Number of protein chains: 2
Amino acid sequence: MMKEWLSMIHEEAKEQCARLGQQTEQLLLWLSRYGADPSGGVTRLLYSESWLEAQQALAERMKQTGLTVSFDRSGNVYGRLEGLNPKAPAIVTGSHIDTVTQGGRYDGAYGIAAALLSLEYILEHHGRPERSIEIVSMCEEEGSRFPKAYWGSGSITGALGLQDVAGLRDADGIRFEDAMQAAGFGRPEQKDPVRSDIAAFIELHVEQGIVLEKEGLSVGIVDAIAGQRRFTFEVNGEANHAGTTPMLLRRDALAGAVDMMQWLRASALKYGAPLVATVGRLELVPNTSNVIPGQVTFTVDVRHDQADVLDRFCTAMLEQFERIAAAQELGLQHSLWMDAAPAPMTSSLSSLTESICQQYGIPYRHMVSGAGHDAQMFQRVCPTAMIFVPSHRGISHSPLEYTSLEDLGTGVFVLSRLLYDLGYSAGSTDAMKGMIR
Amino acid sequence: MMKEWLSMIHEEAKEQCARLGQQTEQLLLWLSRYGADPSGGVTRLLYSESWLEAQQALAERMKQTGLTVSFDRSGNVYGRLEGLNPKAPAIVTGSHIDTVTQGGRYDGAYGIAAALLSLEYILEHHGRPERSIEIVSMCEEEGSRFPKAYWGSGSITGALGLQDVAGLRDADGIRFEDAMQAAGFGRPEQKDPVRSDIAAFIELHVEQGIVLEKEGLSVGIVDAIAGQRRFTFEVNGEANHAGTTPMLLRRDALAGAVDMMQWLRASALKYGAPLVATVGRLELVPNTSNVIPGQVTFTVDVRHDQADVLDRFCTAMLEQFERIAAAQELGLQHSLWMDAAPAPMTSSLSSLTESICQQYGIPYRHMVSGAGHDAQMFQRVCPTAMIFVPSHRGISHSPLEYTSLEDLGTGVFVLSRLLYDLGYSAGSTDAMKGMIR
């Protein structure tokens, strides 16, 4: 009997997921027209014309849903569903509206679309919530126009301010503050972006990886956003004639770099998931077929969700690289140019999400997000949750980005249940109520 | 007594070497003015203005020495010292007049200067030889203007003809035949370059490597010019997000290339000198710090003086690279785009050179030339010898190219002795006379 009942719940959930999936795809296709790139994909760069059109179109859509719409000074736009208890801190859900150049239609946009559809869903099925719920379309996350990422969530959480962006220029030499002004933002009379009244932030996002698809799962519950460190190494040897220089008399910078890179991969494999280490960029000087490379420059990108593991790995890496360089009489220099701390997600929210998946028979797993997200900014100031849906073949930052309708809908379904549990007095447990005061 | 006598011979030789060294340096400085590059070094490209001036200046200098001067249709210039037996095949010595862009003043020019000074030396000390001796300033060897090397020696030995160069264009789009005509060559009435009347060819050259200097030697007797093969390999994996793709789910083209390159170096070291193997050029796609490399292209340059060793090494390399690619599920393509056979030098001439070094206490060694030279073309048609003098720090193809005056002079001294042994009835042994009919 229990089994049949469970089966029925699961079947019903599946139907709703399918329906929500259809709606989500429609919304994403609609949104993708803003910034549709003639060369393929979507290009919506911060403060550009298509960016502004997209934000305005979303604002209009939110109004149609009956939400109270507001922009802040940075260009983030909110749609607020006022709760029965309006003074209580609000639950906020959403993602970023900007894209990389020729990106897909899911990265960022899915979190916004899902927020909107979840809110409409619970409004329709459960009426007004006790706690206010807001959807947010954040102005910028990718750093694809100006060399500064997370401007949207950074503004909201107080991590970034005007002093961090003033003077930055895009590829055409346009200054950040001028672009902001030209788009109609950055005015003193506009609402200050910083908020200290957020009860919880929830972000739905496509995985941008291949794990969920490979394992046949529908939902990834993000336990932490990995910390990442990026280094550049410069190995110096001596360029020489490839024909006349005996092997034993060489100071081949590439030979040294090869040993370093082999160690790096072996060590990362030994540490095991979720540690990842990548050499993505490498250049030789003089890069000529009959000349021994005198100099090699390469980058290392290391990620893990625990800071002490990152420390241990990177310390061992630097020691080992020095040892290899010394053994081959090569010079070695390095610089650490990116160092983002791991951002653990709130475990009680992860648990709640897990319960929901179990309740409705949705195949899920816990995982670490290898990519950075707005959630890592919110995590510093309020309880935060991040939920992934699968990415087909892990493709992202590409017009080929894709998530099945069923998976899109499942994410929206889970989000709506989560908002229900957190926002409605009948929904949330006392523990939950206690958690977000 | 023997020791004192030897000591005396050695001392005298040293004095002569020093004197000849001074003269050589003067001649090289004089020659380096033709094509002196404002950015540094010497740039004398085939059929250019400075190239023509240099050949004409040399022709004039040869005339002053009393040599019979002639140009052939390709632009090679000879200075002939007629022997007492003018019908016998001549001994030819010299090198190439052209340079790479911003090269040094020794590469090629030294062989020509040494030939001239050696000839003047033996003319002065021994009078007219029995056999005719010619110095040659060959028009082209480097392939630095048009994509064809060894045009001078190739023309002389019949390995290259007009059909091999017609239509070739330089970086400015000028055709080979037009440049040749504009410089005054390529005319039907001019002397055909092909010669079948050469008794022996001897080339003096700077080592362009670091072996002689490292070992404190003055002369390198070249036993063979190494054969060389150059490959391009293309490794194909899958570009993916560096953060979100677990190590075990990657198809990292660079990881495969790293294993291949490590094997290559280990194998070359195992084979031992004179085998050399070099990865000089490497490129990643997309070459971005946070993207796993989806494609790597790299070149391999392998050299050895024995064709069967080259075969074995390259066969093993191709097998091993395929194995590595298969193990990591990577695609692998390759092309062989240069395949020059080894060119053994004539051992009787090497032995004669060795005797001369021993006689005068000149520190020497036998060695393989890792770089290609005009001698490899002559080796196909007549007895050939090549002699190296040290290159400071192995530097070549650079304004920093340098050989000490003492070493320059020692080379000229040895060459003059060799010409004496081969060209004068009192000089050469019966075995030598028998060798070059």
# chains A, B, ... in the order shown; residues from 1 in each chain; ligands from 1
$ residues_around --residues "region 309-311 of chain B" --least-positions-apart "3" --cutoff "12 Å" --atoms "only C-alpha atoms" --output "list of chain:residue names"
B:Ala226, B:Gly227, B:Gln228, B:Arg229, B:Arg230, B:Ala268, B:Tyr271, B:Gly272, B:Ala273, B:Pro274, B:Leu275, B:Val276, B:Ala277, B:Asp301, B:Val302, B:Arg303, B:His304, B:Asp305, B:Gln306, B:Cys314, B:Thr315, B:Ala316, B:Met317, B:Leu318, B:Asp339, B:Ala340, B:Ala341, B:Pro342
$ residues_around --residues "Ala166 (chain B)" --least-positions-apart "3" --cutoff "10 Å" --atoms "only C-alpha atoms" --output "list in words"
Gly161, Leu162, Gln163, Arg169, Arg175, Phe176, Glu177 and Asp178 of chain B
$ write_last_selection --atoms "N, CA, C and O atoms" --output "mmCIF file, in the first residue's frame"
data_model
loop_
_atom_site.group_PDB
_atom_site.id
_atom_site.type_symbol
_atom_site.label_atom_id
_atom_site.label_comp_id
_atom_site.auth_asym_id
_atom_site.auth_seq_id
_atom_site.Cartn_x
_atom_site.Cartn_y
_atom_site.Cartn_z
ATOM 1 N N GLY B 161 67.748 21.501 -59.589
ATOM 2 C CA GLY B 161 67.767 22.229 -60.850
ATOM 3 C C GLY B 161 66.652 23.247 -60.860
ATOM 4 O O GLY B 161 65.894 23.382 -59.877
ATOM 5 N N LEU B 162 66.537 23.979 -61.952
ATOM 6 C CA LEU B 162 65.534 25.041 -62.059
ATOM 7 C C LEU B 162 64.120 24.551 -61.763
ATOM 8 O O LEU B 162 63.307 25.284 -61.209
ATOM 9 N N GLN B 163 63.842 23.289 -62.122
ATOM 10 C CA GLN B 163 62.491 22.765 -61.907
ATOM 11 C C GLN B 163 62.162 22.685 -60.413
ATOM 12 O O GLN B 163 60.988 22.653 -60.037
ATOM 13 N N ARG B 169 58.232 31.388 -53.959
ATOM 14 C CA ARG B 169 58.144 32.810 -53.666
ATOM 15 C C ARG B 169 58.699 33.128 -52.293
ATOM 16 O O ARG B 169 58.588 32.320 -51.370
ATOM 17 N N ARG B 175 59.116 35.901 -57.076
ATOM 18 C CA ARG B 175 59.436 34.560 -57.546
ATOM 19 C C ARG B 175 60.944 34.341 -57.615
ATOM 20 O O ARG B 175 61.698 35.259 -57.950
ATOM 21 N N PHE B 176 61.355 33.121 -57.369
ATOM 22 C CA PHE B 176 62.764 32.718 -57.360
ATOM 23 C C PHE B 176 63.449 33.104 -58.672
ATOM 24 O O PHE B 176 64.492 33.768 -58.684
ATOM 25 N N GLU B 177 62.857 32.694 -59.767
ATOM 26 C CA GLU B 177 63.493 32.928 -61.064
ATOM 27 C C GLU B 177 63.619 34.419 -61.391
ATOM 28 O O GLU B 177 64.563 34.842 -62.059
ATOM 29 N N ASP B 178 62.660 35.202 -60.891
ATOM 30 C CA ASP B 178 62.738 36.640 -61.144
ATOM 31 C C ASP B 178 63.850 37.274 -60.311
ATOM 32 O O ASP B 178 64.586 38.150 -60.801
#
$ atom_distance --atom1 "CA of Met367 (chain B)" --atom2 "CA of Ser132 (chain B)"
29.2 Å
$ residues_around --residues "Thr43 (chain B)" --least-positions-apart "2" --cutoff "8 Å" --atoms "only C-alpha atoms" --output "PyMOL selection string"
chain B and resi 35-37+41+45+98-103
$ select_by_dssp --residues "region 21-138 of chain B" --states "alpha helix (DSSP H)" --output "compact mmCIF listing (two decimals) with N, CA and C atoms, in the first residue's frame"
# COMPACT_ATOMS: atom_id res chain seq x y z
N GLY B 21 94.70 33.42 -37.46
CA GLY B 21 93.48 33.81 -36.78
C GLY B 21 93.20 35.29 -36.92
N GLN B 22 94.25 36.07 -36.78
CA GLN B 22 94.11 37.52 -36.95
C GLN B 22 93.60 37.84 -38.35
N GLN B 23 94.23 37.21 -39.31
CA GLN B 23 93.86 37.47 -40.70
C GLN B 23 92.42 37.06 -40.97
N THR B 24 92.05 35.92 -40.39
CA THR B 24 90.69 35.43 -40.61
C THR B 24 89.66 36.39 -40.05
N GLU B 25 89.90 36.84 -38.84
CA GLU B 25 88.96 37.76 -38.20
C GLU B 25 88.82 39.04 -39.03
N GLN B 26 89.95 39.53 -39.55
CA GLN B 26 89.90 40.73 -40.39
C GLN B 26 89.03 40.51 -41.61
N LEU B 27 89.25 39.39 -42.24
CA LEU B 27 88.51 39.05 -43.45
C LEU B 27 87.02 38.90 -43.14
N LEU B 28 86.71 38.28 -41.99
CA LEU B 28 85.30 38.09 -41.62
C LEU B 28 84.63 39.42 -41.29
N LEU B 29 85.37 40.29 -40.63
CA LEU B 29 84.79 41.60 -40.32
C LEU B 29 84.51 42.38 -41.60
N TRP B 30 85.47 42.26 -42.54
CA TRP B 30 85.31 42.92 -43.83
C TRP B 30 84.06 42.39 -44.53
N LEU B 31 83.91 41.09 -44.57
CA LEU B 31 82.79 40.46 -45.26
C LEU B 31 81.46 40.79 -44.57
N SER B 32 81.51 40.94 -43.25
CA SER B 32 80.26 41.16 -42.50
C SER B 32 79.65 42.54 -42.77
N GLU B 49 70.64 42.61 -52.78
CA GLU B 49 71.70 43.55 -53.13
C GLU B 49 72.99 43.27 -52.36
N SER B 50 72.85 43.06 -51.05
CA SER B 50 74.05 42.83 -50.23
C SER B 50 74.70 41.50 -50.59
N TRP B 51 73.89 40.54 -50.96
CA TRP B 51 74.40 39.24 -51.39
C TRP B 51 75.26 39.41 -52.64
N LEU B 52 74.76 40.16 -53.60
CA LEU B 52 75.48 40.38 -54.85
C LEU B 52 76.78 41.15 -54.59
N GLU B 53 76.71 42.17 -53.73
CA GLU B 53 77.91 42.94 -53.40
C GLU B 53 78.97 42.06 -52.75
N ALA B 54 78.52 41.16 -51.89
CA ALA B 54 79.46 40.28 -51.20
C ALA B 54 80.16 39.35 -52.21
N GLN B 55 79.38 38.76 -53.10
CA GLN B 55 79.97 37.86 -54.10
C GLN B 55 80.93 38.60 -55.00
N GLN B 56 80.56 39.80 -55.39
CA GLN B 56 81.43 40.59 -56.26
C GLN B 56 82.71 41.01 -55.54
N ALA B 57 82.57 41.36 -54.26
CA ALA B 57 83.75 41.74 -53.46
C ALA B 57 84.69 40.56 -53.31
N LEU B 58 84.11 39.39 -53.10
CA LEU B 58 84.92 38.18 -52.98
C LEU B 58 85.62 37.88 -54.30
N ALA B 59 84.89 38.02 -55.40
CA ALA B 59 85.47 37.78 -56.72
C ALA B 59 86.68 38.70 -56.93
N GLU B 60 86.54 39.93 -56.52
CA GLU B 60 87.62 40.91 -56.64
C GLU B 60 88.83 40.49 -55.80
N ARG B 61 88.55 40.08 -54.59
CA ARG B 61 89.60 39.64 -53.66
C ARG B 61 90.34 38.44 -54.21
N MET B 62 89.57 37.52 -54.81
CA MET B 62 90.17 36.32 -55.39
C MET B 62 91.09 36.72 -56.56
N LYS B 63 90.63 37.68 -57.34
CA LYS B 63 91.44 38.14 -58.47
C LYS B 63 92.77 38.70 -57.96
N GLN B 64 92.69 39.47 -56.87
CA GLN B 64 93.90 40.07 -56.30
C GLN B 64 94.90 39.00 -55.86
N THR B 65 94.37 37.85 -55.45
CA THR B 65 95.23 36.75 -55.03
C THR B 65 95.86 36.06 -56.24
N ALA B 109 80.50 32.02 -43.90
CA ALA B 109 81.56 32.97 -44.25
C ALA B 109 82.93 32.46 -43.82
N TYR B 110 82.98 31.79 -42.68
CA TYR B 110 84.27 31.27 -42.20
C TYR B 110 84.87 30.27 -43.18
N GLY B 111 84.00 29.38 -43.72
CA GLY B 111 84.50 28.39 -44.67
C GLY B 111 85.07 29.04 -45.92
N ILE B 112 84.49 30.14 -46.34
CA ILE B 112 84.97 30.84 -47.53
C ILE B 112 86.27 31.59 -47.21
N ALA B 113 86.28 32.30 -46.09
CA ALA B 113 87.47 33.05 -45.68
C ALA B 113 88.65 32.11 -45.45
N ALA B 114 88.36 30.98 -44.80
CA ALA B 114 89.41 30.00 -44.52
C ALA B 114 89.98 29.43 -45.80
N ALA B 115 89.10 29.17 -46.76
CA ALA B 115 89.54 28.64 -48.04
C ALA B 115 90.50 29.62 -48.71
N LEU B 116 90.11 30.87 -48.72
CA LEU B 116 90.93 31.90 -49.35
C LEU B 116 92.28 32.02 -48.67
N LEU B 117 92.29 32.11 -47.35
CA LEU B 117 93.53 32.29 -46.61
C LEU B 117 94.41 31.05 -46.68
N SER B 118 93.82 29.86 -46.66
CA SER B 118 94.59 28.62 -46.79
C SER B 118 95.28 28.59 -48.14
N LEU B 119 94.52 28.95 -49.14
CA LEU B 119 95.08 28.93 -50.50
C LEU B 119 96.21 29.93 -50.61
N GLU B 120 96.03 31.11 -50.07
CA GLU B 120 97.10 32.12 -50.10
C GLU B 120 98.31 31.64 -49.33
N TYR B 121 98.03 30.96 -48.25
CA TYR B 121 99.13 30.45 -47.40
C TYR B 121 99.97 29.44 -48.13
N ILE B 122 99.33 28.43 -48.74
CA ILE B 122 100.12 27.39 -49.40
C ILE B 122 100.74 27.88 -50.70
N LEU B 123 100.07 28.83 -51.32
CA LEU B 123 100.63 29.43 -52.52
C LEU B 123 101.94 30.12 -52.16
N GLU B 124 101.90 30.83 -51.03
CA GLU B 124 103.06 31.58 -50.58
C GLU B 124 104.21 30.64 -50.16
N HIS B 125 103.84 29.57 -49.47
CA HIS B 125 104.86 28.69 -48.91
C HIS B 125 105.31 27.56 -49.83
N HIS B 126 104.43 27.16 -50.75
CA HIS B 126 104.75 25.98 -51.54
C HIS B 126 104.64 26.19 -53.04
$ closest_residue --among "B:Val165, B:Cys382, B:Ala307, B:Leu284" --to "Asn236 (chain B)" --atoms "only C-alpha atoms"
B:Leu284
$ closest_residue --among "A:Pro399, A:Gly209, A:Gly361, A:Gly79" --to "chain B" --atoms "only C-alpha atoms"
A:Gly209
$ closest_residue --among "B:Ala371, B:Ala88, B:Ala327, B:Ala200" --to "chain A" --atoms "only C-alpha atoms"
B:Ala371
$ residues_around --residues "Glu354 (chain B)" --least-positions-apart "5" --cutoff "12 Å" --atoms "only C-alpha atoms" --output "PyMOL selection string"
chain B and resi 219-223+347-349+359-367+385-387+414-415+417-418
$ write_last_selection --atoms "N, CA and C atoms" --output "tab-separated table (two decimals), in the first residue's frame"
chain	number	residue	atom	x	y	z
B	219	VAL	N	89.49	21.37	-32.73
B	219	VAL	CA	89.02	20.87	-34.04
B	219	VAL	C	88.06	19.70	-33.87
B	220	GLY	N	87.00	19.71	-34.67
B	220	GLY	CA	86.08	18.58	-34.71
B	220	GLY	C	86.16	17.96	-36.09
B	221	ILE	N	86.53	16.69	-36.16
B	221	ILE	CA	86.57	15.98	-37.43
B	221	ILE	C	85.22	15.33	-37.61
B	222	VAL	N	84.48	15.78	-38.62
B	222	VAL	CA	83.11	15.29	-38.80
B	222	VAL	C	83.13	13.95	-39.53
B	223	ASP	N	82.66	12.93	-38.87
B	223	ASP	CA	82.59	11.59	-39.49
B	223	ASP	C	81.31	11.43	-40.32
B	347	SER	N	86.10	8.51	-45.00
B	347	SER	CA	86.96	8.18	-43.84
B	347	SER	C	88.45	8.41	-44.11
B	348	SER	N	88.88	8.25	-45.34
B	348	SER	CA	90.30	8.48	-45.59
B	348	SER	C	90.65	9.95	-45.39
B	349	LEU	N	89.74	10.83	-45.74
B	349	LEU	CA	89.99	12.25	-45.52
B	349	LEU	C	89.94	12.58	-44.03
B	359	GLN	N	99.94	15.47	-35.57
B	359	GLN	CA	101.29	15.93	-35.89
B	359	GLN	C	101.61	17.27	-35.23
B	360	TYR	N	100.60	18.13	-35.18
B	360	TYR	CA	100.84	19.47	-34.67
B	360	TYR	C	100.31	19.70	-33.26
B	361	GLY	N	99.92	18.60	-32.60
B	361	GLY	CA	99.48	18.73	-31.22
B	361	GLY	C	98.20	19.52	-31.06
B	362	ILE	N	97.34	19.44	-32.06
B	362	ILE	CA	96.08	20.18	-31.99
B	362	ILE	C	95.01	19.29	-31.34
B	363	PRO	N	94.43	19.73	-30.23
B	363	PRO	CA	93.41	18.91	-29.57
B	363	PRO	C	92.14	18.80	-30.42
B	364	TYR	N	91.74	17.55	-30.68
B	364	TYR	CA	90.63	17.33	-31.61
B	364	TYR	C	89.77	16.17	-31.12
B	365	ARG	N	88.66	15.95	-31.79
B	365	ARG	CA	87.86	14.75	-31.60
B	365	ARG	C	87.08	14.47	-32.87
B	366	HIS	N	86.66	13.24	-33.02
B	366	HIS	CA	85.74	12.89	-34.09
B	366	HIS	C	84.34	13.22	-33.60
B	367	MET	N	83.45	13.57	-34.50
B	367	MET	CA	82.08	13.86	-34.08
B	367	MET	C	81.13	13.81	-35.25
B	385	ALA	N	85.04	16.04	-47.01
B	385	ALA	CA	85.48	16.17	-45.62
B	385	ALA	C	84.86	17.42	-45.02
B	386	MET	N	84.57	17.35	-43.71
B	386	MET	CA	84.07	18.52	-43.01
B	386	MET	C	84.83	18.67	-41.71
B	387	ILE	N	85.22	19.89	-41.42
B	387	ILE	CA	86.01	20.17	-40.23
B	387	ILE	C	85.35	21.29	-39.46
B	414	VAL	N	94.88	23.85	-40.30
B	414	VAL	CA	94.58	22.45	-40.63
B	414	VAL	C	94.15	22.33	-42.09
B	415	LEU	N	93.31	23.23	-42.52
B	415	LEU	CA	92.83	23.20	-43.92
B	415	LEU	C	94.00	23.36	-44.88
B	417	ARG	N	97.09	22.56	-44.38
B	417	ARG	CA	97.86	21.32	-44.40
B	417	ARG	C	97.17	20.26	-45.25
B	418	LEU	N	95.87	20.19	-45.12
B	418	LEU	CA	95.07	19.22	-45.86
B	418	LEU	C	95.17	19.49	-47.36
$ residues_around --residues "Gln16 (chain B)" --least-positions-apart "4" --cutoff "9 Å" --atoms "only C-alpha atoms" --output "MDAnalysis selection string"
chainID B and resid 11:12 20:21 409:410 413
$ select_by_dssp --residues "region 74-300 of chain A" --states "strand (DSSP E or B)" --output "tab-separated table (two decimals) with C-alpha atoms, in the first residue's frame"
chain	number	residue	atom	x	y	z
A	77	VAL	CA	16.23	43.57	-10.66
A	78	TYR	CA	13.92	41.99	-8.06
A	79	GLY	CA	10.39	40.70	-8.21
A	80	ARG	CA	8.97	40.50	-4.71
A	81	LEU	CA	6.03	38.47	-3.51
A	90	ALA	CA	12.91	37.49	2.66
A	91	ILE	CA	13.88	34.33	0.87
A	92	VAL	CA	15.70	35.23	-2.33
A	93	THR	CA	16.19	32.99	-5.35
A	94	GLY	CA	17.64	33.66	-8.80
A	95	SER	CA	20.84	33.89	-10.78
A	96	HIS	CA	22.68	36.12	-13.27
A	103	GLY	CA	27.19	31.42	-24.53
A	133	ILE	CA	9.87	35.58	-1.44
A	134	GLU	CA	11.87	37.46	-4.04
A	135	ILE	CA	13.26	36.43	-7.37
A	136	VAL	CA	16.40	38.22	-8.49
A	137	SER	CA	17.96	38.64	-11.90
A	138	MET	CA	21.51	39.68	-11.08
A	169	ARG	CA	37.77	49.22	-19.10
A	175	ARG	CA	35.02	52.66	-18.61
A	198	ILE	CA	17.98	38.12	3.31
A	199	ALA	CA	16.79	35.05	5.19
A	200	ALA	CA	18.22	32.60	2.66
A	201	PHE	CA	19.48	32.59	-0.91
A	202	ILE	CA	18.82	29.67	-3.24
A	203	GLU	CA	20.36	29.31	-6.67
A	204	LEU	CA	19.33	26.81	-9.29
A	205	HIS	CA	21.93	26.32	-12.03
A	206	VAL	CA	22.96	23.92	-14.78
A	219	VAL	CA	19.56	16.74	-9.23
A	220	GLY	CA	22.90	17.68	-7.71
A	221	ILE	CA	22.79	19.04	-4.16
A	222	VAL	CA	25.81	21.30	-3.87
A	223	ASP	CA	27.52	20.90	-0.51
A	224	ALA	CA	30.23	23.44	-1.30
A	225	ILE	CA	31.64	25.57	-4.05
A	227	GLY	CA	38.00	26.99	-3.64
A	228	GLN	CA	40.35	27.59	-6.54
A	229	ARG	CA	43.89	28.76	-7.00
A	230	ARG	CA	45.45	29.69	-10.30
A	231	PHE	CA	49.19	29.95	-10.83
A	232	THR	CA	51.44	30.87	-13.70
A	233	PHE	CA	54.80	29.10	-13.83
A	234	GLU	CA	57.75	30.24	-15.91
A	235	VAL	CA	60.47	27.69	-16.54
A	236	ASN	CA	63.78	28.99	-17.87
A	240	ASN	CA	69.86	25.90	-28.44
A	241	HIS	CA	70.21	24.14	-31.77
A	276	VAL	CA	41.02	18.81	-9.90
A	277	ALA	CA	44.23	20.25	-11.31
A	278	THR	CA	44.60	21.50	-14.86
A	282	LEU	CA	51.09	26.74	-22.20
A	283	GLU	CA	53.51	28.65	-24.41
A	284	LEU	CA	57.05	27.94	-25.60
A	285	VAL	CA	59.79	30.35	-26.55
A	291	VAL	CA	65.29	24.93	-31.47
A	292	ILE	CA	65.33	23.52	-27.92
A	295	GLN	CA	61.40	29.13	-21.90
A	296	VAL	CA	58.03	27.63	-21.06
A	297	THR	CA	55.15	29.45	-19.41
A	298	PHE	CA	52.14	27.48	-18.19
A	299	THR	CA	49.14	27.94	-15.92
A	300	VAL	CA	47.90	25.62	-13.18
$ atom_distance --atom1 "CA of His397 (chain A)" --atom2 "CA of Gln208 (chain A)"
8.5 Å
$ residues_around --residues "Ala179 (chain A)" --least-positions-apart "3" --cutoff "10 Å" --atoms "only C-alpha atoms" --output "list of chain:residue names"
A:Leu46, A:Tyr47, A:Ser48, A:Arg169, A:Asp170, A:Ile174, A:Arg175, A:Phe176, A:Ala182, A:Ala183, A:Gly184, A:Phe185, A:Gly186
$ closest_residue --among "B:Arg312, B:Lys270, B:Lys214, B:Arg251" --to "Glu238 (chain B)" --atoms "only C-alpha atoms"
B:Arg251
$ closest_residue --among "A:Glu140, A:Glu322, A:Asp308, A:Glu213" --to "chain B" --atoms "only C-alpha atoms"
A:Glu213
$ atom_distance --atom1 "CA of Cys17 (chain B)" --atom2 "CA of Pro390 (chain B)"
14.4 Å
$ residues_around --residues "region 188-190 of chain B" --least-positions-apart "2" --cutoff "12 Å" --atoms "only C-alpha atoms" --output "PyMOL selection string"
chain B and resi 70-76+162+181+184-186+192-194
$ closest_residue --among "A:Leu84, A:Leu269, A:Ile324, A:Ala13" --to "chain B" --atoms "only C-alpha atoms"
A:Leu269
